[in-house]
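This is work.txt. It holds compact mmCIF, C-alpha atoms and all ligand atoms.
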```txt
# COMPACT_ATOMS: atom_id res chain seq x y z
CA MET C 146 68.33 86.41 39.34
CA PHE C 147 69.97 82.99 39.62
CA CYS C 148 68.38 82.05 36.26
CA ALA C 149 70.09 85.13 34.77
CA TYR C 150 73.35 84.21 36.51
CA TYR C 151 73.61 80.63 35.20
CA LEU C 152 72.29 81.49 31.73
CA LYS C 153 74.81 84.29 31.30
CA LYS C 154 77.61 82.03 32.55
CA ASN C 155 76.59 79.58 29.84
CA GLY C 156 76.85 82.13 27.07
CA TYR C 157 73.25 83.33 26.69
CA GLN C 158 72.33 86.96 26.14
CA VAL C 159 70.08 87.78 29.09
CA ARG C 160 67.74 90.63 29.96
CA LEU C 161 66.07 90.87 33.38
CA LEU C 162 62.83 92.82 33.72
CA GLU C 163 61.83 93.67 37.30
CA ALA C 164 58.77 95.73 38.16
CA ARG C 165 60.16 97.16 41.36
CA ASN C 166 62.93 99.58 41.93
CA PRO C 167 65.01 98.65 43.82
CA TYR C 168 64.44 94.89 44.19
CA GLU C 169 62.09 94.33 47.14
CA GLY C 170 60.50 90.92 46.52
CA ALA C 171 60.28 88.15 49.12
CA SER C 172 63.85 87.25 48.21
CA SER C 173 65.23 90.30 50.04
CA ILE C 174 63.13 90.18 53.17
CA ASN C 175 63.16 86.46 54.01
CA ALA C 176 64.71 84.78 57.05
CA GLY C 177 67.80 83.85 55.02
CA LEU C 178 67.71 80.16 55.98
CA PHE C 179 68.90 77.31 53.77
CA CYS C 180 66.79 74.42 54.96
CA PRO C 181 67.37 70.88 53.69
CA SER C 182 65.71 70.04 57.05
CA HIS C 183 62.36 71.21 55.63
CA PHE C 184 61.64 68.11 53.55
CA ILE C 185 58.02 67.84 54.74
CA ALA C 186 55.77 69.57 52.18
CA LEU C 187 53.64 72.44 53.47
CA ALA C 188 50.59 70.49 52.26
CA GLU C 189 50.70 67.89 55.07
CA PRO C 190 47.87 66.21 57.01
CA SER C 191 48.09 68.18 60.28
CA MET C 192 47.55 71.42 58.32
CA LYS C 193 43.85 70.55 58.07
CA SER C 194 43.19 70.64 61.81
CA LYS C 195 45.84 73.27 62.62
CA SER C 196 44.53 75.74 60.04
CA PHE C 197 41.06 75.78 61.54
CA GLN C 198 42.40 76.27 65.08
CA TRP C 199 44.75 79.02 63.88
CA ILE C 200 42.12 80.91 61.90
CA ILE C 201 40.02 81.57 65.00
CA ARG C 202 42.98 82.64 67.20
CA PRO C 203 44.07 86.24 66.38
CA SER C 204 47.65 85.75 67.64
CA SER C 205 48.18 82.52 65.67
CA PRO C 206 50.78 82.20 62.89
CA LEU C 207 48.05 82.06 60.22
CA TYR C 208 45.59 84.75 59.18
CA VAL C 209 43.03 84.19 56.43
CA GLN C 210 41.03 87.13 55.17
CA PRO C 211 37.62 85.86 54.08
CA ARG C 212 37.13 86.70 50.39
CA LEU C 213 35.00 85.52 47.53
CA ASP C 214 37.72 84.76 45.05
CA LEU C 215 37.21 81.67 42.92
CA ASN C 216 40.93 81.07 42.46
CA PHE C 217 41.53 81.26 46.20
CA LEU C 218 38.73 78.76 46.83
CA ARG C 219 40.17 76.46 44.15
CA TRP C 220 43.64 76.85 45.66
CA GLY C 221 42.32 75.99 49.17
CA TRP C 222 40.44 72.96 47.88
CA GLN C 223 43.47 71.59 46.01
CA PHE C 224 45.81 72.34 48.93
CA PHE C 225 43.68 70.35 51.37
CA LYS C 226 43.30 67.52 48.84
CA ASN C 227 47.10 67.27 48.70
CA ALA C 228 47.52 67.37 52.48
CA ASN C 229 47.82 63.59 52.88
CA VAL C 230 50.47 61.12 54.00
CA LYS C 231 51.03 59.69 50.53
CA HIS C 232 51.77 63.13 49.11
CA VAL C 233 54.12 63.98 51.99
CA GLU C 234 56.11 60.76 51.48
CA LYS C 235 56.28 61.28 47.72
CA SER C 236 57.53 64.87 48.13
CA ILE C 237 60.38 64.13 50.54
CA LYS C 238 62.96 63.17 47.94
CA PRO C 239 62.28 66.04 45.48
CA LEU C 240 62.31 68.58 48.34
CA LEU C 241 65.50 67.19 49.81
CA ASP C 242 67.19 66.98 46.40
CA ILE C 243 66.44 70.58 45.50
CA THR C 244 67.27 72.15 48.88
CA LEU C 245 70.56 70.24 49.13
CA LEU C 246 71.44 71.24 45.58
CA GLY C 247 70.41 74.85 46.29
CA LYS C 248 72.59 75.07 49.39
CA ASN C 249 75.55 73.44 47.68
CA LEU C 250 75.34 75.68 44.59
CA PHE C 251 74.96 78.74 46.78
CA GLU C 252 78.19 77.91 48.61
CA ILE C 253 79.99 77.40 45.27
CA PHE C 254 78.56 80.73 44.04
CA LEU C 255 79.91 82.61 47.09
CA GLU C 256 83.31 81.03 46.74
CA GLU C 257 83.68 81.36 42.96
CA GLU C 258 82.48 84.94 42.93
CA ASN C 259 84.45 85.99 46.01
CA ILE C 260 81.37 87.21 47.84
CA ASN C 261 81.99 88.09 51.47
CA GLU C 262 81.81 84.87 53.45
CA HIS C 263 80.49 86.77 56.47
CA LEU C 264 77.16 86.93 54.68
CA TYR C 265 76.79 83.16 55.12
CA SER C 266 77.16 80.81 58.08
CA ASN C 267 77.04 77.04 58.44
CA LYS C 268 75.95 76.83 62.08
CA GLY C 269 72.74 74.94 61.40
CA LEU C 270 69.23 75.77 62.57
CA LEU C 271 67.66 75.32 66.01
CA MET C 272 64.02 74.25 66.03
CA ILE C 273 63.13 75.47 69.54
CA TYR C 274 60.05 74.34 71.47
CA SER C 275 58.35 75.42 74.67
CA ASP C 276 55.86 72.54 74.80
CA GLU C 277 57.22 69.01 75.24
CA LYS C 278 54.45 67.63 72.97
CA ASN C 279 55.98 69.62 70.11
CA GLY C 280 59.43 68.45 71.19
CA ILE C 281 58.34 64.83 70.72
CA LYS C 282 57.03 65.62 67.23
CA GLU C 283 60.14 67.55 66.23
CA ARG C 284 62.45 64.78 67.48
CA LYS C 285 60.53 62.35 65.25
CA THR C 286 61.18 64.64 62.28
CA GLY C 287 64.81 64.77 63.42
CA ASP C 288 64.94 60.92 63.39
CA LYS C 289 63.55 60.93 59.88
CA ALA C 290 66.14 63.51 58.84
CA ARG C 291 68.95 61.39 60.28
CA ASN C 292 67.63 58.38 58.34
CA LEU C 293 67.84 60.53 55.21
CA GLY C 294 71.50 61.20 55.96
CA LEU C 295 71.19 64.72 57.46
CA ASP C 296 73.28 65.83 60.44
CA VAL C 297 70.88 66.40 63.35
CA GLU C 298 71.21 66.50 67.14
CA ASP C 299 68.49 66.52 69.81
CA LEU C 300 69.18 69.04 72.57
CA ASP C 301 67.48 69.02 75.96
CA ARG C 302 67.25 72.37 77.79
CA HIS C 303 70.59 71.82 79.49
CA LYS C 304 72.47 71.10 76.25
CA LEU C 305 70.68 73.92 74.45
CA LEU C 306 71.74 76.40 77.15
CA GLU C 307 75.37 75.47 76.57
CA LEU C 308 74.95 76.36 72.91
CA GLU C 309 72.57 79.29 73.21
CA PRO C 310 72.61 80.82 76.72
CA SER C 311 70.15 83.54 75.75
CA ILE C 312 67.03 81.32 75.65
CA SER C 313 64.33 82.10 78.20
CA HIS C 314 62.85 80.01 81.00
CA ILE C 315 59.89 78.80 78.86
CA VAL C 316 62.12 76.90 76.41
CA LYS C 317 62.21 73.12 76.93
CA GLY C 318 64.69 72.09 74.24
CA ALA C 319 65.50 72.09 70.55
CA VAL C 320 66.43 69.94 67.61
CA HIS C 321 69.62 71.19 66.01
CA TYR C 322 69.64 70.68 62.23
CA LYS C 323 73.35 71.06 61.61
CA CYS C 324 72.69 70.44 57.92
CA ASP C 325 71.10 73.90 57.52
CA SER C 326 72.75 77.29 57.16
CA HIS C 327 71.85 80.98 57.09
CA SER C 328 72.66 84.22 55.34
CA THR C 329 71.89 87.93 55.06
CA PRO C 330 69.52 88.06 52.05
CA THR C 331 69.41 91.83 51.49
CA LYS C 332 73.16 91.96 51.08
CA ILE C 333 73.31 88.75 49.03
CA MET C 334 70.66 90.12 46.65
CA ASP C 335 72.75 93.28 46.19
CA ALA C 336 75.85 91.18 45.55
CA LEU C 337 73.99 88.94 43.10
CA ARG C 338 72.57 91.92 41.23
CA ASP C 339 76.04 93.51 40.95
CA LYS C 340 77.52 90.21 39.83
CA ILE C 341 75.04 89.60 37.03
CA ARG C 342 75.38 93.21 35.89
CA ASP C 343 79.19 92.78 35.76
CA LEU C 344 78.71 89.59 33.77
CA GLY C 345 76.74 91.58 31.20
CA VAL C 346 73.09 90.84 32.03
CA GLU C 347 70.91 93.75 30.88
CA LEU C 348 69.03 94.90 34.00
CA HIS C 349 65.80 96.87 33.87
CA PHE C 350 64.49 97.74 37.32
CA GLY C 351 61.19 99.58 37.69
CA MET C 352 59.91 98.05 34.45
CA LYS C 353 56.70 96.06 34.66
CA VAL C 354 55.88 93.32 32.16
CA THR C 355 52.33 93.88 30.94
CA GLY C 356 51.86 91.07 28.42
CA PHE C 357 53.21 89.03 25.54
CA ASP C 358 52.75 88.59 21.78
CA LYS C 359 52.30 84.96 20.87
CA LYS C 360 52.58 83.43 17.41
CA ASN C 361 52.25 79.71 16.63
CA GLN C 362 52.41 78.88 20.34
CA LEU C 363 55.66 80.79 20.80
CA ILE C 364 56.24 84.04 22.70
CA LYS C 365 57.73 86.49 20.21
CA MET C 366 57.52 89.80 22.06
CA ILE C 367 57.40 90.97 25.70
CA HIS C 368 55.44 94.14 26.41
CA THR C 369 56.31 96.31 29.39
CA ASP C 370 54.94 99.59 30.71
CA GLN C 371 57.85 101.35 28.97
CA GLN C 372 58.97 99.45 25.89
CA ASP C 373 58.69 96.16 24.03
CA PHE C 374 61.39 93.52 23.66
CA GLU C 375 61.76 90.65 21.19
CA SER C 376 62.45 87.38 22.96
CA ASP C 377 63.66 83.91 21.91
CA ILE C 378 63.12 82.38 25.33
CA THR C 379 61.06 83.79 28.19
CA ILE C 380 61.30 82.79 31.85
CA LEU C 381 58.32 83.62 34.00
CA ALA C 382 59.64 84.01 37.56
CA CYS C 383 57.41 86.58 39.21
CA GLY C 384 56.86 84.88 42.58
CA ALA C 385 53.31 85.34 43.87
CA TRP C 386 52.46 87.58 40.88
CA SER C 387 53.20 84.80 38.37
CA PRO C 388 49.56 83.71 37.85
CA ILE C 389 48.69 87.16 36.44
CA LEU C 390 51.16 86.87 33.55
CA ALA C 391 50.53 83.12 33.15
CA LYS C 392 46.83 83.85 32.68
CA SER C 393 47.62 86.43 30.00
CA VAL C 394 49.06 83.63 27.85
CA GLY C 395 46.31 81.15 28.67
CA ILE C 396 48.11 79.12 31.35
CA PRO C 397 46.00 78.48 34.45
CA MET C 398 48.21 78.70 37.55
CA LEU C 399 47.09 78.26 41.14
CA ILE C 400 49.41 80.17 43.44
CA GLU C 401 48.33 81.90 46.62
CA ALA C 402 50.35 84.76 48.09
CA GLY C 403 51.39 83.86 51.67
CA LYS C 404 52.32 87.20 53.16
CA GLY C 405 55.05 87.19 55.80
CA TYR C 406 56.90 89.94 57.65
CA ASN C 407 60.36 90.75 58.77
CA ILE C 408 61.38 93.07 61.55
CA ASP C 409 65.04 94.05 61.53
CA ILE C 410 66.32 95.22 64.87
CA SER C 411 69.62 96.64 66.01
CA THR C 412 69.04 95.62 69.63
CA PRO C 413 72.18 94.39 71.43
CA HIS C 414 71.94 90.61 71.83
CA LYS C 415 74.00 87.49 72.37
CA ILE C 416 72.06 85.20 70.05
CA LYS C 417 74.48 82.99 68.15
CA TYR C 418 72.30 80.56 66.22
CA PRO C 419 69.36 81.07 63.88
CA SER C 420 66.19 79.45 65.12
CA ILE C 421 62.58 78.72 64.38
CA LEU C 422 60.36 79.00 67.44
CA ILE C 423 58.04 76.09 66.88
CA GLU C 424 54.84 77.21 68.62
CA PRO C 425 54.63 80.77 67.22
CA LYS C 426 56.31 79.70 63.92
CA THR C 427 58.70 82.63 64.12
CA ALA C 428 62.22 82.67 62.70
CA ILE C 429 65.05 84.52 64.44
CA THR C 430 68.14 85.07 62.32
CA PRO C 431 71.30 86.82 63.46
CA MET C 432 72.37 88.64 60.31
CA GLU C 433 75.45 90.67 59.42
CA SER C 434 74.86 93.68 61.63
CA PHE C 435 71.32 93.18 62.91
CA LEU C 436 68.80 90.58 64.03
CA ARG C 437 65.84 89.61 61.87
CA ILE C 438 62.52 88.39 63.29
CA SER C 439 60.29 86.90 60.60
CA GLY C 440 57.10 84.98 60.31
CA LYS C 441 53.32 85.00 59.95
CA MET C 442 51.40 83.56 57.05
CA GLU C 443 48.60 85.82 55.88
CA LEU C 444 46.36 84.75 53.05
CA MET C 445 44.87 88.04 51.86
CA GLY C 446 45.73 88.00 48.16
CA LEU C 447 48.37 90.45 46.92
CA ASN C 448 47.68 92.86 49.73
CA THR C 449 50.78 94.62 51.07
CA ASN C 450 49.18 96.22 54.15
CA ILE C 451 51.23 95.74 57.29
CA ARG C 452 48.94 94.53 60.08
CA LYS C 453 50.07 96.01 63.41
CA ASN C 454 48.72 93.00 65.29
CA SER C 455 51.03 90.70 63.32
CA ILE C 456 54.10 92.77 64.14
CA THR C 457 53.19 92.78 67.84
CA THR C 458 52.72 89.00 67.80
CA LEU C 459 56.14 88.44 66.24
CA ILE C 460 57.84 90.69 68.79
CA HIS C 461 56.03 88.95 71.66
CA ALA C 462 57.14 85.55 70.40
CA PHE C 463 60.75 86.71 70.23
CA LYS C 464 60.66 88.19 73.74
CA ALA C 465 59.00 85.10 75.17
CA PHE C 466 61.68 82.69 73.86
CA TYR C 467 64.79 84.81 74.54
CA GLN C 468 65.83 86.66 77.67
CA ASP C 469 67.30 90.14 78.05
CA VAL C 470 66.17 91.36 74.66
CA GLU C 471 64.49 94.67 74.13
CA VAL C 472 62.59 95.74 71.05
CA THR C 473 61.89 99.44 71.06
CA LYS C 474 60.80 101.86 68.35
CA GLU C 475 64.37 103.20 68.29
CA ASN C 476 66.02 99.88 67.56
CA GLN C 477 63.55 98.79 64.87
CA MET C 478 65.46 99.43 61.64
CA ASP C 479 62.94 98.08 59.18
CA ILE C 480 59.57 96.34 58.95
CA SER C 481 58.69 94.86 55.57
CA SER C 482 56.46 92.24 54.05
CA GLY C 483 56.86 89.79 51.21
CA PHE C 484 54.80 87.10 49.52
CA ARG C 485 55.63 83.42 49.61
CA PRO C 486 54.37 82.02 46.29
CA LEU C 487 52.41 79.04 47.62
CA SER C 488 51.69 76.20 45.21
CA VAL C 489 48.86 73.79 45.97
CA ASP C 490 51.15 70.88 46.85
CA GLY C 491 54.12 72.58 48.51
CA LEU C 492 56.47 71.84 45.59
CA PRO C 493 57.88 74.50 43.28
CA MET C 494 56.93 74.82 39.61
CA ILE C 495 60.07 74.63 37.51
CA GLY C 496 60.16 73.69 33.86
CA ARG C 497 59.12 74.29 30.28
CA SER C 498 55.51 75.17 29.61
CA SER C 499 53.68 72.33 27.89
CA SER C 500 51.69 74.74 25.69
CA ILE C 501 54.28 77.43 24.82
CA SER C 502 57.57 75.79 24.02
CA ASN C 503 59.81 78.85 24.44
CA LEU C 504 58.32 79.73 27.83
CA PHE C 505 59.93 78.45 31.05
CA ILE C 506 58.35 78.78 34.46
CA ALA C 507 60.19 79.16 37.79
CA THR C 508 57.84 79.91 40.65
CA GLY C 509 55.73 78.38 43.45
CA HIS C 510 58.69 78.08 45.84
CA GLY C 511 56.54 78.83 48.89
CA MET C 512 58.41 78.92 52.19
CA LEU C 513 61.65 77.62 50.67
CA GLY C 514 62.43 79.86 47.71
CA TRP C 515 65.67 81.15 49.21
CA SER C 516 66.94 77.60 49.80
CA MET C 517 66.00 76.59 46.26
CA ALA C 518 67.00 79.73 44.35
CA ALA C 519 70.39 78.70 43.01
CA ALA C 520 69.12 75.19 42.18
CA THR C 521 66.19 76.69 40.27
CA GLY C 522 68.48 78.90 38.19
CA LYS C 523 70.72 75.94 37.40
CA ILE C 524 67.82 73.60 36.51
CA ILE C 525 66.19 76.19 34.23
CA THR C 526 69.53 76.66 32.44
CA GLU C 527 69.94 72.90 32.02
CA LEU C 528 66.39 72.59 30.65
CA ILE C 529 66.97 75.42 28.18
CA GLN C 530 70.21 73.75 27.08
CA GLU C 531 68.30 70.45 26.78
CA SER C 532 71.02 68.77 28.82
CA ASN C 533 70.64 66.36 31.76
CA THR C 534 69.37 68.06 34.90
CA SER C 535 71.40 67.97 38.15
CA ILE C 536 68.45 66.31 39.92
CA PRO C 537 65.20 64.66 38.68
CA VAL C 538 62.67 67.41 37.98
CA ASP C 539 59.50 65.56 37.10
CA ALA C 540 57.86 66.43 40.45
CA PHE C 541 58.29 70.13 39.63
CA ARG C 542 56.50 70.13 36.23
CA PRO C 543 54.76 73.54 36.20
CA GLU C 544 51.49 72.37 34.70
CA ARG C 545 51.03 69.24 36.83
CA SER C 546 47.48 68.82 38.08
C1 LIG C 601 58.83 86.37 55.83
C2 LIG C 601 59.42 85.36 54.89
C3 LIG C 601 60.47 84.55 55.34
C4 LIG C 601 61.00 83.59 54.47
N1 LIG C 601 62.09 82.87 54.90
C5 LIG C 601 62.67 81.98 54.06
C6 LIG C 601 63.84 81.27 54.47
O1 LIG C 601 64.38 81.49 55.53
N2 LIG C 601 64.35 80.34 53.61
C7 LIG C 601 63.79 80.09 52.39
O2 LIG C 601 64.29 79.21 51.69
N3 LIG C 601 62.72 80.80 51.95
C8 LIG C 601 62.16 81.73 52.76
N4 LIG C 601 61.06 82.45 52.34
C9 LIG C 601 60.50 82.18 51.01
C10 LIG C 601 61.27 82.90 49.91
O3 LIG C 601 61.61 84.20 50.30
C11 LIG C 601 60.44 82.93 48.63
O4 LIG C 601 60.02 81.63 48.29
C12 LIG C 601 61.26 83.46 47.47
O5 LIG C 601 61.86 84.68 47.82
C13 LIG C 601 60.42 83.61 46.22
O6 LIG C 601 61.26 84.14 45.23
P1 LIG C 601 60.67 84.66 43.87
O7 LIG C 601 61.82 85.22 43.11
O8 LIG C 601 59.85 83.59 43.25
O9 LIG C 601 59.68 85.82 44.30
P2 LIG C 601 60.01 87.33 44.74
O10 LIG C 601 61.29 87.41 45.49
O11 LIG C 601 58.78 87.85 45.39
O12 LIG C 601 60.26 88.03 43.36
C14 LIG C 601 59.27 88.16 42.39
C15 LIG C 601 59.56 89.47 41.67
O13 LIG C 601 58.75 89.54 40.50
C16 LIG C 601 58.49 90.90 40.28
N5 LIG C 601 57.31 91.03 39.40
C17 LIG C 601 56.05 90.68 39.67
N6 LIG C 601 55.25 90.96 38.61
C18 LIG C 601 56.05 91.50 37.67
C19 LIG C 601 55.82 91.99 36.36
N7 LIG C 601 54.59 92.01 35.81
N8 LIG C 601 56.87 92.50 35.65
C20 LIG C 601 58.13 92.50 36.18
N9 LIG C 601 58.41 92.04 37.43
C21 LIG C 601 57.38 91.55 38.17
C22 LIG C 601 58.20 91.45 41.67
O14 LIG C 601 58.40 92.85 41.71
C23 LIG C 601 59.21 90.70 42.53
O15 LIG C 601 60.36 91.45 42.78
C24 LIG C 601 60.49 83.42 53.17
C25 LIG C 601 59.45 84.25 52.73
C26 LIG C 601 58.92 85.21 53.57
C27 LIG C 601 57.83 86.11 53.05
```
So that I can check it, write out the structure of this file as structure tokens.
Ligand SMILES: Cc1cc2nc3c(=O)[nH]c(=O)nc-3n(C[C@H](O)[C@H](O)[C@H](O)COP(=O)(O)OP(=O)(O)OC[C@H]3O[C@@H](n4cnc5c(N)ncnc54)[C@H](O)[C@@H]3O)c2cc1C
Amino acid sequence: MFCAYYLKKNGYQVRLLEARNPYEGASSINAGLFCPSHFIALAEPSMKSKSFQWIIRPSSPLYVQPRLDLNFLRWGWQFFKNANVKHVEKSIKPLLDITLLGKNLFEIFLEEENINEHLYSNKGLLMIYSDEKNGIKERKTGDKARNLGLDVEDLDRHKLLELEPSISHIVKGAVHYKCDSHSTPTKIMDALRDKIRDLGVELHFGMKVTGFDKKNQLIKMIHTDQQDFESDITILACGAWSPILAKSVGIPMLIEAGKGYNIDISTPHKIKYPSILIEPKTAITPMESFLRISGKMELMGLNTNIRKNSITTLIHAFKAFYQDVEVTKENQMDISSGFRPLSVDGLPMIGRSSSISNLFIATGHGMLGWSMAAATGKIITELIQESNTSIPVDAFRPERS
């Protein structure tokens, strides 16, 4: 949607084709965090050992469904190949550039378009730990963040209690990334959709793209399940589904769907700050009129089943880290799932296709697609205009190997 927003603002005629009705992709159900603090790529060395420990523990943050799928095996192989120190170091700057740009552009978008400021808050993010070993690791990341110019404070239990009195007895401390912010995605997505419609973007919800007509290495026509459209420029931004359409035009794309859940609850609470609970990898976000618990990473392909065990684990994590909170059937407003489009190196794929010159790709944003959304829309617009990009984009080349 941010691609549509910036393109329309720059005078292009834009049509958005969305298979679902209403919009229900990962972008509506995420934890709503803008995280410049997350400059360590998902493909990092400790993932190798952690993944194997997690796979055998049912309550762990990761679930992998065994399956004989060649693309999944290829994805796993490439992911582990990338999980090395050199790759992590090389990815820091591109990740920091794009998340900082994304956050900044998002703030400008809210202000320029007069979108309710209550949907966004600049309080930062608490990375909360219950095991001092993890505290040591997180403080090291905090040191690194400070060296990169981010605003970060280490909080022992005493200091954390002053800020967030609702933490439970198991919590040892937190690192407060004041550089981060949070929002209410469902409402922002509604506001963004209304805004682009008002600007004159042609919106087609409930219309699935089924394929393309190509001539001389250019996409000429887009086929959908309802009608066909001529197209001068096509942007493929289908999240975890992107490889299906990429394959239809001969572009190999390795993206694995990382399913995550959100549980929205209306339980009364005094939680003031958004947090990530480090050990269970669960995010807690106070949103406009409810609290969102999100997390889990399930590698099961494009499978939308909601696993009861995963929901229970998320609720347990929440109740273990906060006191005086109740999650009952009555106060559960919504449970949904969404797919993080996971690239093999933890960096998004943003740019012009090298084989089809009027095709642009914007996907692979993994765990950070909300933080990077506005930046992605802006970069795609700049690339289409053939103007200088706001940040270097070489690391995001879609068809990098
Ligand atoms: C539980 C969870 C928590 C998260 N928390 C955060 C967070 O706090 N901060 C952050 O930065 N990121 C977060 N993320 C990641 C972020 O939500 C994703 O990276 C981002 O939403 C991906 O956006 P997308 O537009 O690429 O994909 P999506 O939002 O999934 O959108 C893709 C859309 O393409 C449509 N589509 C697919 N195929 C077709 C077709 N053939 N024709 C037409 N339309 C099609 C789908 O219907 C879908 O609506 C989280 C993700 C999850 C799952």
- Message: Under the rule that all atoms listed in the file are counted, which of C:Leu152, C:Val209, C:Ala319, C:Cys180 is the nearest residue to ligand LIG 601 (chain C)?
- Response: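 The answer is C:Cys180, which sits nearest to ligand LIG 601 (chain C).
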- Query: Could you work out how far atom CA of Pro486 of chain C lies from atom CA of Cys383 of chain C, giving the answer in Å with one decimal?
  - Reply: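 Taking atom CA of Cys383 of chain C and atom CA of Pro486 of chain C, their separation equals 9.0 Å.
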Write out as a JSON list (two decimals) with C-alpha atoms, in the coordinates of the input the residues lying within 6 Å of segment 302-312 of chain C, counting only C-alpha atoms and excluding same-chain residues fewer than 5 positions away.
```json
[["chain", "number", "residue", "atom", "x", "y", "z"],
["C", 317, "LYS", "CA", 62.21, 73.12, 76.93],
["C", 318, "GLY", "CA", 64.69, 72.09, 74.24],
["C", 466, "PHE", "CA", 61.68, 82.69, 73.86],
["C", 467, "TYR", "CA", 64.79, 84.81, 74.54],
["C", 468, "GLN", "CA", 65.83, 86.66, 77.67]]
```
- Item | Pairwise distance for atom CA of Ser173 of chain C and atom CA of Ile333 of chain C, rounded to one decimal in Å | 8.3 Å
- Message: Ranking C:Ser191, C:Ser172, C:Ser266, C:Ser275 by minimum distance to ligand LIG 601 (chain C) and counting all atoms listed in the file, which one comes first?
- Response: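 Counting all atoms listed in the file, the residue closest to ligand LIG 601 (chain C) is C:Ser172.
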- Message: Measuring between only C-alpha atoms, which one of C:Ile174, C:Ile273, C:Val489, C:Val470 shows the shortest distance to Asn216 of chain C?
- Response: C:Val489
- Residue nearest ligand LIG 601 (chain C) among C:Lys278, C:His349, C:Lys464, C:Arg497 (counting all atoms listed in the file):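 Ranked by minimum distance to ligand LIG 601 (chain C), first place goes to C:His349.
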- Query: Which polymer residues have any atom within 9 Å of an atom of His368 of chain C, counting only C-alpha atoms, with same-chain residues fewer than 6 positions away left out, as a list in words?
  - Reply: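 Counting only C-alpha atoms, the residues come to Lys353, Val354, Thr355, Gly356, Phe357, Asp358, Phe374 and Glu375 of chain C.
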- Item | Distance criterion (all atoms listed in the file): nearest to ligand LIG 601 (chain C) out of C:Gly294, C:Pro190, C:Pro330, C:Gly514 |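 Smallest distance to ligand LIG 601 (chain C) is found for C:Gly514.
Every protein or nucleic acid residue with an atom no more than 12 Å from Asp214 of chain C, counting only C-alpha atoms and leaving out same-chain residues fewer than 3 positions away, appears here: C:Gln210, C:Pro211, C:Phe217, C:Leu218, C:Arg219, C:Trp220, C:Gly221, C:Glu401, C:Leu444, C:Met445, C:Gly446.
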- Query: Which is closer to ligand LIG 601 (chain C) than all the others in C:Ser236, C:Gln362, C:Asn155, C:Asn166, using all atoms listed in the file?
  - Reply: C:Asn166
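As for atom CA of Ile456 of chain C and atom CA of Ser204 of chain C, they are spaced 10.2 Å apart.
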- Task: May I have the residues within 8 Å of Asn476 of chain C as a PyMOL selection string, using all atoms listed in the file and disregarding those fewer than 3 positions away in the same chain?
- Result: chain C and resi 410-412+472-473
- Query: Any idea what's packed within 12 Å of Gly170 of chain C, counting all atoms listed in the file, ignoring anything in its chain fewer than 4 positions away? Could you give it as a list in words?
  - Reply: Met146, Glu163, Ala164, Arg165, Asn166, Ile174, Asn175, Pro330, Thr331, Met334, Ala382, Cys383, Gly384, Ala385, Trp386, Ala402, Lys404, Gly405, Tyr406, Thr449, Ser481, Ser482, Gly483, Phe484, Arg485, Pro486, Gly514 and Trp515 of chain C
Near segment 420-437 of chain C, 6 Å: segment 326-409 of chain C residue rows, closest pairs, all atoms listed in the file, as CSV:
```
residue,atom,partner,partner_atom,distance
C:Thr329,CA,C:Met432,CA,5.3
C:Ile408,CA,C:Arg437,CA,5.7
C:Asp409,CA,C:Arg437,CA,4.5
```
Centre and edge lengths of an axis-aligned box around all listed atoms of ligand LIG 601 (chain C), with 5 Å added on each side, are to be given in Å to one decimal, as JSON.
```
{"center_x": 59.5, "center_y": 86.0, "center_z": 45.7, "size_x": 19.8, "size_y": 23.6, "size_z": 30.2}
```
